[in-house]
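Peer 1: Structure file data-v4.pdb (PDB, C-alpha atoms, pLDDT in the B column) is given on the next line.
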ATOM      1  CA  MET A   1      35.663 246.989 211.292  1.00 37.00           C
ATOM      2  CA  ALA A   2      32.708 244.641 210.953  1.00 37.00           C
ATOM      3  CA  HIS A   3      30.296 247.520 211.484  1.00 40.00           C
ATOM      4  CA  ALA A   4      32.098 249.729 208.973  1.00 39.00           C
ATOM      5  CA  ASN A   5      31.807 247.064 206.265  1.00 43.00           C
ATOM      6  CA  LYS A   6      28.244 246.010 207.041  1.00 43.00           C
ATOM      7  CA  ASN A   7      26.604 247.626 204.017  1.00 41.00           C
ATOM      8  CA  HIS A   8      29.296 246.349 201.647  1.00 44.00           C
ATOM      9  CA  VAL A   9      28.999 242.801 202.948  1.00 47.00           C
ATOM     10  CA  GLU A  10      25.217 242.815 202.562  1.00 47.00           C
ATOM     11  CA  SER A  11      25.632 243.518 198.824  1.00 57.00           C
ATOM     12  CA  PHE A  12      27.947 240.542 198.338  1.00 68.00           C
ATOM     13  CA  PRO A  13      27.106 238.066 197.077  1.00 69.00           C
ATOM     14  CA  PRO A  14      24.210 239.426 195.001  1.00 66.00           C
ATOM     15  CA  PRO A  15      20.782 238.021 195.988  1.00 70.00           C
ATOM     16  CA  GLY A  16      20.252 234.480 194.733  1.00 73.00           C
ATOM     17  CA  LYS A  17      23.912 233.906 193.849  1.00 79.00           C
ATOM     18  CA  LYS A  18      25.918 231.252 195.701  1.00 87.00           C
ATOM     19  CA  ILE A  19      29.585 231.947 196.365  1.00 92.00           C
ATOM     20  CA  THR A  20      32.000 229.018 196.735  1.00 95.00           C
ATOM     21  CA  ILE A  21      35.154 229.637 198.770  1.00 97.00           C
ATOM     22  CA  VAL A  22      37.985 227.181 199.399  1.00 98.00           C
ATOM     23  CA  PHE A  23      40.811 228.052 201.786  1.00 97.00           C
ATOM     24  CA  VAL A  24      44.264 226.763 200.784  1.00 96.00           C
ATOM     25  CA  ILE A  25      46.762 226.508 203.625  1.00 94.00           C
ATOM     26  CA  GLY A  26      50.376 225.377 203.786  1.00 91.00           C
ATOM     27  CA  GLY A  27      53.701 226.560 205.113  1.00 86.00           C
ATOM     28  CA  PRO A  28      55.903 228.960 203.118  1.00 83.00           C
ATOM     29  CA  GLY A  29      57.260 227.018 200.149  1.00 87.00           C
ATOM     30  CA  SER A  30      54.688 224.205 200.381  1.00 91.00           C
ATOM     31  CA  GLY A  31      53.543 224.806 196.790  1.00 91.00           C
ATOM     32  CA  LYS A  32      50.166 226.421 197.476  1.00 89.00           C
ATOM     33  CA  GLY A  33      50.456 228.891 194.623  1.00 87.00           C
ATOM     34  CA  THR A  34      51.440 226.241 192.083  1.00 92.00           C
ATOM     35  CA  GLN A  35      48.530 224.004 193.058  1.00 94.00           C
ATOM     36  CA  CYS A  36      46.124 226.944 192.985  1.00 94.00           C
ATOM     37  CA  ALA A  37      47.177 227.774 189.411  1.00 94.00           C
ATOM     38  CA  LYS A  38      46.331 224.209 188.374  1.00 96.00           C
ATOM     39  CA  ILE A  39      42.978 224.312 190.192  1.00 97.00           C
ATOM     40  CA  VAL A  40      42.093 227.575 188.426  1.00 97.00           C
ATOM     41  CA  LYS A  41      42.810 226.013 185.030  1.00 96.00           C
ATOM     42  CA  GLN A  42      40.952 222.774 185.773  1.00 96.00           C
ATOM     43  CA  PHE A  43      37.961 224.020 187.785  1.00 96.00           C
ATOM     44  CA  GLY A  44      37.487 227.715 186.949  1.00 95.00           C
ATOM     45  CA  PHE A  45      38.200 229.261 190.342  1.00 97.00           C
ATOM     46  CA  THR A  46      39.632 232.736 190.890  1.00 96.00           C
ATOM     47  CA  HIS A  47      42.902 232.534 192.818  1.00 95.00           C
ATOM     48  CA  LEU A  48      43.250 235.102 195.594  1.00 95.00           C
ATOM     49  CA  SER A  49      46.571 234.963 197.397  1.00 88.00           C
ATOM     50  CA  ALA A  50      46.557 236.800 200.705  1.00 85.00           C
ATOM     51  CA  GLY A  51      50.338 237.133 200.391  1.00 82.00           C
ATOM     52  CA  ASP A  52      50.183 238.545 196.850  1.00 88.00           C
ATOM     53  CA  LEU A  53      47.483 241.026 197.810  1.00 91.00           C
ATOM     54  CA  LEU A  54      49.566 242.182 200.753  1.00 91.00           C
ATOM     55  CA  ARG A  55      52.750 242.458 198.700  1.00 89.00           C
ATOM     56  CA  GLU A  56      50.901 244.479 196.062  1.00 91.00           C
ATOM     57  CA  GLU A  57      49.584 246.802 198.748  1.00 89.00           C
ATOM     58  CA  ALA A  58      53.108 247.061 200.217  1.00 92.00           C
ATOM     59  CA  LYS A  59      54.338 248.479 196.899  1.00 91.00           C
ATOM     60  CA  SER A  60      52.000 251.446 197.215  1.00 86.00           C
ATOM     61  CA  GLU A  61      54.008 254.110 198.968  1.00 81.00           C
ATOM     62  CA  THR A  62      51.305 254.809 201.505  1.00 85.00           C
ATOM     63  CA  GLU A  63      51.423 254.627 205.282  1.00 88.00           C
ATOM     64  CA  GLN A  64      49.448 251.394 205.166  1.00 83.00           C
ATOM     65  CA  GLY A  65      51.722 249.938 202.482  1.00 88.00           C
ATOM     66  CA  THR A  66      54.854 250.800 204.449  1.00 92.00           C
ATOM     67  CA  MET A  67      53.411 249.207 207.589  1.00 91.00           C
ATOM     68  CA  ILE A  68      52.645 246.005 205.683  1.00 91.00           C
ATOM     69  CA  LYS A  69      56.116 245.900 204.144  1.00 90.00           C
ATOM     70  CA  ASN A  70      57.815 246.295 207.529  1.00 91.00           C
ATOM     71  CA  LEU A  71      55.697 243.586 209.147  1.00 89.00           C
ATOM     72  CA  MET A  72      56.390 241.139 206.322  1.00 84.00           C
ATOM     73  CA  ASN A  73      60.139 241.812 206.393  1.00 86.00           C
ATOM     74  CA  GLU A  74      60.116 241.037 210.119  1.00 88.00           C
ATOM     75  CA  GLY A  75      58.219 237.796 209.546  1.00 78.00           C
ATOM     76  CA  LYS A  76      55.177 239.096 211.449  1.00 82.00           C
ATOM     77  CA  LEU A  77      51.522 238.770 210.499  1.00 74.00           C
ATOM     78  CA  VAL A  78      49.465 241.671 209.149  1.00 85.00           C
ATOM     79  CA  PRO A  79      46.285 242.641 211.113  1.00 89.00           C
ATOM     80  CA  SER A  80      43.400 240.366 210.236  1.00 92.00           C
ATOM     81  CA  ASP A  81      40.834 243.045 209.424  1.00 92.00           C
ATOM     82  CA  LEU A  82      43.174 244.525 206.819  1.00 91.00           C
ATOM     83  CA  ILE A  83      43.695 241.154 205.114  1.00 91.00           C
ATOM     84  CA  VAL A  84      39.939 240.491 205.058  1.00 94.00           C
ATOM     85  CA  LYS A  85      39.344 243.940 203.595  1.00 88.00           C
ATOM     86  CA  LEU A  86      41.788 243.243 200.741  1.00 91.00           C
ATOM     87  CA  LEU A  87      40.286 239.800 200.096  1.00 94.00           C
ATOM     88  CA  PHE A  88      36.748 241.131 200.101  1.00 92.00           C
ATOM     89  CA  LYS A  89      37.602 243.891 197.638  1.00 88.00           C
ATOM     90  CA  ALA A  90      39.250 241.385 195.289  1.00 92.00           C
ATOM     91  CA  MET A  91      36.220 239.068 195.433  1.00 93.00           C
ATOM     92  CA  ARG A  92      33.770 241.814 194.584  1.00 90.00           C
ATOM     93  CA  GLU A  93      35.891 243.054 191.679  1.00 90.00           C
ATOM     94  CA  SER A  94      36.545 239.613 190.172  1.00 90.00           C
ATOM     95  CA  GLY A  95      33.086 238.912 188.741  1.00 87.00           C
ATOM     96  CA  ASN A  96      33.485 235.214 189.577  1.00 92.00           C
ATOM     97  CA  ASP A  97      31.576 233.129 192.131  1.00 92.00           C
ATOM     98  CA  LYS A  98      34.309 230.569 192.977  1.00 94.00           C
ATOM     99  CA  PHE A  99      37.407 231.548 194.923  1.00 96.00           C
ATOM    100  CA  LEU A 100      40.581 229.912 196.161  1.00 96.00           C
ATOM    101  CA  VAL A 101      41.847 231.910 199.116  1.00 96.00           C
ATOM    102  CA  ASP A 102      45.548 231.086 199.319  1.00 91.00           C
ATOM    103  CA  GLY A 103      47.467 231.492 202.583  1.00 87.00           C
ATOM    104  CA  PHE A 104      44.465 232.428 204.700  1.00 91.00           C
ATOM    105  CA  PRO A 105      43.340 232.084 207.472  1.00 93.00           C
ATOM    106  CA  ARG A 106      46.743 231.718 209.122  1.00 86.00           C
ATOM    107  CA  ASN A 107      45.485 232.022 212.703  1.00 90.00           C
ATOM    108  CA  GLU A 108      42.327 232.100 214.790  1.00 94.00           C
ATOM    109  CA  GLU A 109      42.156 235.891 214.618  1.00 93.00           C
ATOM    110  CA  ASN A 110      42.150 235.672 210.801  1.00 93.00           C
ATOM    111  CA  ARG A 111      39.398 233.081 210.880  1.00 95.00           C
ATOM    112  CA  GLN A 112      37.206 235.025 213.273  1.00 95.00           C
ATOM    113  CA  ALA A 113      37.674 238.268 211.318  1.00 95.00           C
ATOM    114  CA  TYR A 114      36.662 236.469 208.121  1.00 96.00           C
ATOM    115  CA  GLU A 115      33.563 234.967 209.742  1.00 94.00           C
ATOM    116  CA  ASN A 116      32.550 238.288 211.282  1.00 93.00           C
ATOM    117  CA  ILE A 117      33.052 240.374 208.154  1.00 90.00           C
ATOM    118  CA  ILE A 118      32.517 238.226 205.042  1.00 91.00           C
ATOM    119  CA  GLN A 119      30.330 235.555 206.688  1.00 89.00           C
ATOM    120  CA  ILE A 120      30.477 233.002 203.840  1.00 92.00           C
ATOM    121  CA  GLU A 121      31.110 229.449 205.035  1.00 94.00           C
ATOM    122  CA  PRO A 122      34.078 227.920 203.164  1.00 96.00           C
ATOM    123  CA  GLU A 123      33.408 224.721 201.219  1.00 96.00           C
ATOM    124  CA  PHE A 124      36.518 223.181 202.783  1.00 97.00           C
ATOM    125  CA  LEU A 125      40.123 223.914 203.773  1.00 98.00           C
ATOM    126  CA  LEU A 126      42.814 222.335 201.592  1.00 98.00           C
ATOM    127  CA  PHE A 127      45.981 221.743 203.625  1.00 97.00           C
ATOM    128  CA  ILE A 128      49.210 221.198 201.651  1.00 96.00           C
ATOM    129  CA  ASP A 129      51.254 219.309 204.264  1.00 94.00           C
ATOM    130  CA  CYS A 130      54.992 219.685 203.612  1.00 92.00           C
ATOM    131  CA  SER A 131      58.074 219.132 205.789  1.00 90.00           C
ATOM    132  CA  LYS A 132      60.039 222.073 207.145  1.00 87.00           C
ATOM    133  CA  GLU A 133      63.232 220.867 205.431  1.00 88.00           C
ATOM    134  CA  GLU A 134      61.592 220.611 202.020  1.00 91.00           C
ATOM    135  CA  MET A 135      59.925 224.021 202.315  1.00 89.00           C
ATOM    136  CA  GLU A 136      63.216 225.654 203.311  1.00 86.00           C
ATOM    137  CA  ARG A 137      65.017 224.046 200.366  1.00 88.00           C
ATOM    138  CA  ARG A 138      62.378 225.257 197.920  1.00 88.00           C
ATOM    139  CA  ILE A 139      62.335 228.831 199.181  1.00 86.00           C
ATOM    140  CA  LEU A 140      66.113 229.215 199.098  1.00 84.00           C
ATOM    141  CA  ASN A 141      66.220 227.811 195.553  1.00 82.00           C
ATOM    142  CA  ARG A 142      63.384 229.776 193.996  1.00 72.00           C
ATOM    143  CA  ASN A 143      65.286 233.117 193.936  1.00 60.00           C
ATOM    144  CA  GLN A 144      62.244 235.324 193.333  1.00 58.00           C
ATOM    145  CA  GLY A 145      63.934 238.442 194.621  1.00 52.00           C
ATOM    146  CA  ARG A 146      61.493 238.851 197.484  1.00 56.00           C
ATOM    147  CA  ASP A 147      62.705 240.801 200.517  1.00 54.00           C
ATOM    148  CA  ASP A 148      61.285 238.162 202.868  1.00 56.00           C
ATOM    149  CA  ASP A 149      63.194 235.241 201.258  1.00 56.00           C
ATOM    150  CA  ASN A 150      66.206 235.128 203.586  1.00 68.00           C
ATOM    151  CA  ILE A 151      67.041 232.290 205.968  1.00 75.00           C
ATOM    152  CA  ASN A 152      66.263 234.103 209.227  1.00 77.00           C
ATOM    153  CA  THR A 153      62.915 235.416 208.018  1.00 76.00           C
ATOM    154  CA  ILE A 154      62.044 232.026 206.531  1.00 78.00           C
ATOM    155  CA  ARG A 155      62.594 230.287 209.859  1.00 80.00           C
ATOM    156  CA  ARG A 156      60.528 232.875 211.711  1.00 81.00           C
ATOM    157  CA  ARG A 157      57.735 232.314 209.186  1.00 79.00           C
ATOM    158  CA  PHE A 158      57.970 228.569 209.778  1.00 82.00           C
ATOM    159  CA  ASP A 159      57.588 229.101 213.531  1.00 83.00           C
ATOM    160  CA  VAL A 160      54.654 231.484 213.101  1.00 79.00           C
ATOM    161  CA  PHE A 161      52.930 229.028 210.783  1.00 81.00           C
ATOM    162  CA  GLN A 162      53.460 226.055 213.105  1.00 82.00           C
ATOM    163  CA  HIS A 163      52.228 227.756 216.275  1.00 86.00           C
ATOM    164  CA  GLN A 164      49.414 229.892 214.916  1.00 88.00           C
ATOM    165  CA  THR A 165      47.947 227.933 211.995  1.00 91.00           C
ATOM    166  CA  LEU A 166      47.535 224.535 213.663  1.00 87.00           C
ATOM    167  CA  PRO A 167      44.433 225.656 215.650  1.00 91.00           C
ATOM    168  CA  VAL A 168      42.784 226.784 212.380  1.00 95.00           C
ATOM    169  CA  ILE A 169      43.469 223.420 210.767  1.00 94.00           C
ATOM    170  CA  GLN A 170      42.076 221.638 213.824  1.00 94.00           C
ATOM    171  CA  TYR A 171      38.981 223.859 213.807  1.00 96.00           C
ATOM    172  CA  TYR A 172      38.038 222.892 210.250  1.00 97.00           C
ATOM    173  CA  GLU A 173      38.966 219.273 210.870  1.00 97.00           C
ATOM    174  CA  LYS A 174      36.415 219.130 213.687  1.00 96.00           C
ATOM    175  CA  ARG A 175      33.815 220.573 211.316  1.00 96.00           C
ATOM    176  CA  GLY A 176      34.563 217.901 208.712  1.00 96.00           C
ATOM    177  CA  LYS A 177      35.975 220.487 206.303  1.00 97.00           C
ATOM    178  CA  LEU A 178      39.667 219.563 206.280  1.00 97.00           C
ATOM    179  CA  ARG A 179      41.196 218.057 203.120  1.00 97.00           C
ATOM    180  CA  LYS A 180      44.917 217.222 203.457  1.00 97.00           C
ATOM    181  CA  VAL A 181      47.445 216.218 200.793  1.00 97.00           C
ATOM    182  CA  ASP A 182      51.145 215.331 200.991  1.00 97.00           C
ATOM    183  CA  GLY A 183      53.030 218.302 199.549  1.00 96.00           C
ATOM    184  CA  ASN A 184      56.515 216.762 199.673  1.00 96.00           C
ATOM    185  CA  ARG A 185      56.067 215.103 196.268  1.00 96.00           C
ATOM    186  CA  GLN A 186      56.382 216.355 192.714  1.00 95.00           C
ATOM    187  CA  VAL A 187      53.871 218.981 191.590  1.00 95.00           C
ATOM    188  CA  ASP A 188      51.850 216.705 189.317  1.00 96.00           C
ATOM    189  CA  GLU A 189      51.665 213.961 191.922  1.00 97.00           C
ATOM    190  CA  VAL A 190      50.289 216.414 194.469  1.00 97.00           C
ATOM    191  CA  PHE A 191      47.771 217.712 191.962  1.00 97.00           C
ATOM    192  CA  GLU A 192      46.369 214.243 191.327  1.00 97.00           C
ATOM    193  CA  ASP A 193      45.216 214.188 194.950  1.00 97.00           C
ATOM    194  CA  VAL A 194      44.040 217.804 194.790  1.00 97.00           C
ATOM    195  CA  LYS A 195      42.075 217.129 191.604  1.00 97.00           C
ATOM    196  CA  ALA A 196      40.368 214.144 193.228  1.00 97.00           C
ATOM    197  CA  ILE A 197      39.280 216.305 196.178  1.00 97.00           C
ATOM    198  CA  PHE A 198      37.718 218.990 193.961  1.00 97.00           C
ATOM    199  CA  SER A 199      36.087 216.423 191.683  1.00 95.00           C
ATOM    200  CA  GLN A 200      34.550 214.674 194.683  1.00 92.00           C
ATOM    201  CA  SER A 201      33.248 217.996 196.001  1.00 88.00           C
ATOM    202  CA  ASN A 202      31.617 218.741 192.628  1.00 83.00           C
ATOM    203  CA  ASN A 203      30.070 215.277 192.490  1.00 83.00           C
ATOM    204  CA  GLN A 204      28.638 215.663 195.981  1.00 77.00           C
ATOM    205  CA  LYS A 205      27.050 218.982 195.007  1.00 72.00           C
ATOM    206  CA  ASN A 206      25.498 217.461 191.897  1.00 69.00           C
ATOM    207  CA  HIS A 207      24.264 214.419 193.809  1.00 65.00           C
ATOM    208  CA  GLY A 208      22.843 216.671 196.511  1.00 59.00           C
ATOM    209  CA  GLY A 209      20.891 218.587 193.889  1.00 51.00           C
ATOM    210  CA  GLN A 210      19.480 215.378 192.463  1.00 52.00           C
ATOM    211  CA  GLN A 211      18.481 214.202 195.941  1.00 50.00           C
ATOM    212  CA  ALA A 212      16.774 217.529 196.623  1.00 42.00           C
ATOM    213  CA  SER A 213      14.798 217.142 193.395  1.00 42.00           C
ATOM    214  CA  GLY A 214      13.753 213.629 194.369  1.00 45.00           C
ATOM    215  CA  LEU A 215      12.650 214.732 197.800  1.00 39.00           C
ATOM    216  CA  SER A 216      10.592 217.530 196.320  1.00 39.00           C
ATOM    217  CA  ARG A 217       8.609 215.013 194.246  1.00 41.00           C
ATOM    218  CA  ALA A 218       8.216 212.596 197.154  1.00 39.00           C
ATOM    219  CA  GLN A 219       6.866 215.376 199.325  1.00 43.00           C
ATOM    220  CA  MET A 220       4.122 216.344 196.836  1.00 42.00           C
ATOM    221  CA  ASN A 221       0.572 215.741 197.959  1.00 49.00           C
ATOM    222  CA  PRO A 222      -0.987 212.600 196.343  1.00 46.00           C
ATOM    223  CA  LEU A 223      -3.016 214.495 193.722  1.00 45.00           C
ATOM    224  CA  LYS A 224      -0.031 216.519 192.498  1.00 42.00           C
ATOM    225  CA  ARG A 225       2.173 213.434 192.459  1.00 45.00           C
ATOM    226  CA  TRP A 226      -0.454 211.500 190.424  1.00 40.00           C
ATOM    227  CA  PHE A 227      -0.647 214.337 187.898  1.00 37.00           C
ATOM    228  CA  PHE A 228       3.169 214.498 187.689  1.00 39.00           C
ATOM    229  CA  ASP A 229       3.417 210.736 187.031  1.00 45.00           C
ATOM    230  CA  PHE A 230       0.545 210.871 184.519  1.00 41.00           C
ATOM    231  CA  PHE A 231       2.180 213.739 182.627  1.00 35.00           C
ATOM    232  CA  CYS A 232       5.572 211.986 182.484  1.00 41.00           C
ATOM    233  CA  GLY A 233       3.889 208.755 181.410  1.00 46.00           C
ATOM    234  CA  CYS A 234       2.107 210.438 178.513  1.00 41.00           C
ATOM    235  CA  PHE A 235       4.932 212.559 177.189  1.00 38.00           C
ATOM    236  CA  GLY A 236       8.022 210.753 178.499  1.00 44.00           C
ATOM    237  CA  THR A 237      10.972 212.178 180.361  1.00 41.00           C
ATOM    238  CA  LYS A 238      13.628 214.200 178.617  1.00 39.00           C
ATOM    239  CA  GLU A 239      15.995 211.217 178.633  1.00 39.00           C
ATOM    240  CA  GLU A 240      13.347 208.922 177.087  1.00 41.00           C
ATOM    241  CA  ARG A 241      12.509 211.445 174.338  1.00 42.00           C
ATOM    242  CA  ASN A 242      16.191 211.696 173.416  1.00 42.00           C
TER     243      ASN A 242
END
Please go through the file and, once you have read it, give me the structure as structure tokens.
Peer 2:
Amino acid sequence: MAHANKNHVESFPPPGKKITIVFVIGGPGSGKGTQCAKIVKQFGFTHLSAGDLLREEAKSETEQGTMIKNLMNEGKLVPSDLIVKLLFKAMRESGNDKFLVDGFPRNEENRQAYENIIQIEPEFLLFIDCSKEEMERRILNRNQGRDDDNINTIRRRFDVFQHQTLPVIQYYEKRGKLRKVDGNRQVDEVFEDVKAIFSQSNNQKNHGGQQASGLSRAQMNPLKRWFFDFFCGCFGTKEERN
């Protein structure tokens, strides 16, 4: 799979363009989709839901679509390379450079497939931590007409999430990329914490850019630095002129 997509991956992102990816993880019914919608509105990300992409593909009456539909109805996970392929296609077609990847990676196989194929380091992983009881209550009450919203399938999905997703969360925690919020609260209360996380990430990027600029000046040779200071002294900085 990685070899087959090699040429496509090399063309994304375009040269000189930085892509920002944030993974959003939480159990079924934790409120990931609701929080992602708010993040999109506030911070301009494109929301890519692995589950939505799979469900859309399942509607296509193809062999692949039928396979996906059967796996989802049984509460099983779809092969990782197929999920990555759908995500990658959606990224390329979006025209944006900031993505929320909702419901992915769910297990170590997902994570490794993503790293092997797309090879873009995520900014961080946002974990919406919600109790099993609360998630079950929400799913049974939402009545979205989905085939996989029945009590037996829900509980299988809970078990799959608990056993297979924890290693992914631990992996990003060890790398300092885990951001966790309490998802048991009301939507707006959860988003206050989420908003703070994204705002802090933006501030760190901006501060890092300012530091890089300062280092560049400090690392000039003495003659160039003298000329730079002389020029600024004569004409003033942009802030002083304004």
Peer 1: How many Å lie between CA of Ala50 (chain A) and CA of Gln204 (chain A), rounded to one decimal?
Peer 2: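 A separation of 28.1 Å between them.
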Peer 1: Please, which residues in region 44-109 of chain A fall within 10 Å of region 126-133 of chain A when counting all atoms listed in the file, and what is the closest atom pair and distance in Å to one decimal for each, ordered by chain then residue number, as JSON lines?
Peer 2:
{"residue": "A:Leu100", "atom": "CA", "partner": "A:Leu126", "partner_atom": "CA", "distance": 9.6}
{"residue": "A:Val101", "atom": "CA", "partner": "A:Leu126", "partner_atom": "CA", "distance": 9.9}
{"residue": "A:Asp102", "atom": "CA", "partner": "A:Leu126", "partner_atom": "CA", "distance": 9.4}
{"residue": "A:Gly103", "atom": "CA", "partner": "A:Phe127", "partner_atom": "CA", "distance": 9.9}
Peer 1: On this structure, the PyMOL selection byres ((chain A and resi 164) around 10) would catch which residues? List them as a ChimeraX atom specification, sorted by chain and number.
Peer 2: /A:105-109,159-163,165-169
Peer 1: As an exercise, work out the distance from CA of Ile68 (chain A) to CA of Ile154 (chain A) in Å and give it to one decimal place.
Peer 2: 16.9 Å
Peer 1: Between A:Phe23, A:Gly183, A:Lys85, A:Gly29, which has the minimum distance to Asn141 (chain A) (counting all atoms listed in the file)?
Peer 2: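 Nearest to Asn141 (chain A): A:Gly29.
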Peer 1: Measure the distance from CA of Ile151 (chain A) to CA of Gly31 (chain A) in Å and round it to one decimal.
Peer 2: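 Straight-line distance from CA of Ile151 (chain A) to CA of Gly31 (chain A) works out to 18.0 Å.
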Peer 1: Taking the file as shown, what set of residues would the PyMOL selection byres ((chain A and resi 36-38) around 9) give back, as a ChimeraX atom specification?
Peer 2: /A:24,31-35,39-43,45-47,100-102,191,195
Peer 1: Let me have the centre and edge lengths in Å, one decimal, of the box along x, y and z around every listed atom of region 80-94 of chain A with 6 Å of margin on each side, as JSON.
Peer 2:
{"center_x": 38.7, "center_y": 241.8, "center_z": 200.2, "size_x": 21.9, "size_y": 17.5, "size_z": 32.1}
Peer 1: Set the distance at 12 Å and use only C-alpha atoms: which residues neighbour Glu121 (chain A) once local chain neighbours fewer than 2 positions away are removed? I'd like the list as JSON, numbers by chain.
Peer 2: {"A": [18, 19, 20, 21, 22, 23, 111, 112, 114, 115, 116, 117, 118, 119, 123, 124, 125, 172, 175, 177]}
Peer 1: Leaving out Asp52 (chain A) and any residue of its chain fewer than 3 positions from it, which residues lie within 12 Å of it when counting only C-alpha atoms, given as a PyMOL selection string?
Peer 2: chain A and resi 33+47-49+55-59+68-69+72+83+86-87+90+101-104+146
Peer 1: Considering only C-alpha atoms, can you say which of A:Gln170, A:Glu134, A:Leu140, A:Gly65 comes closest to Asp182 (chain A)?
Peer 2: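 Looking at the shortest contact to Asp182 (chain A), the residue is A:Glu134.
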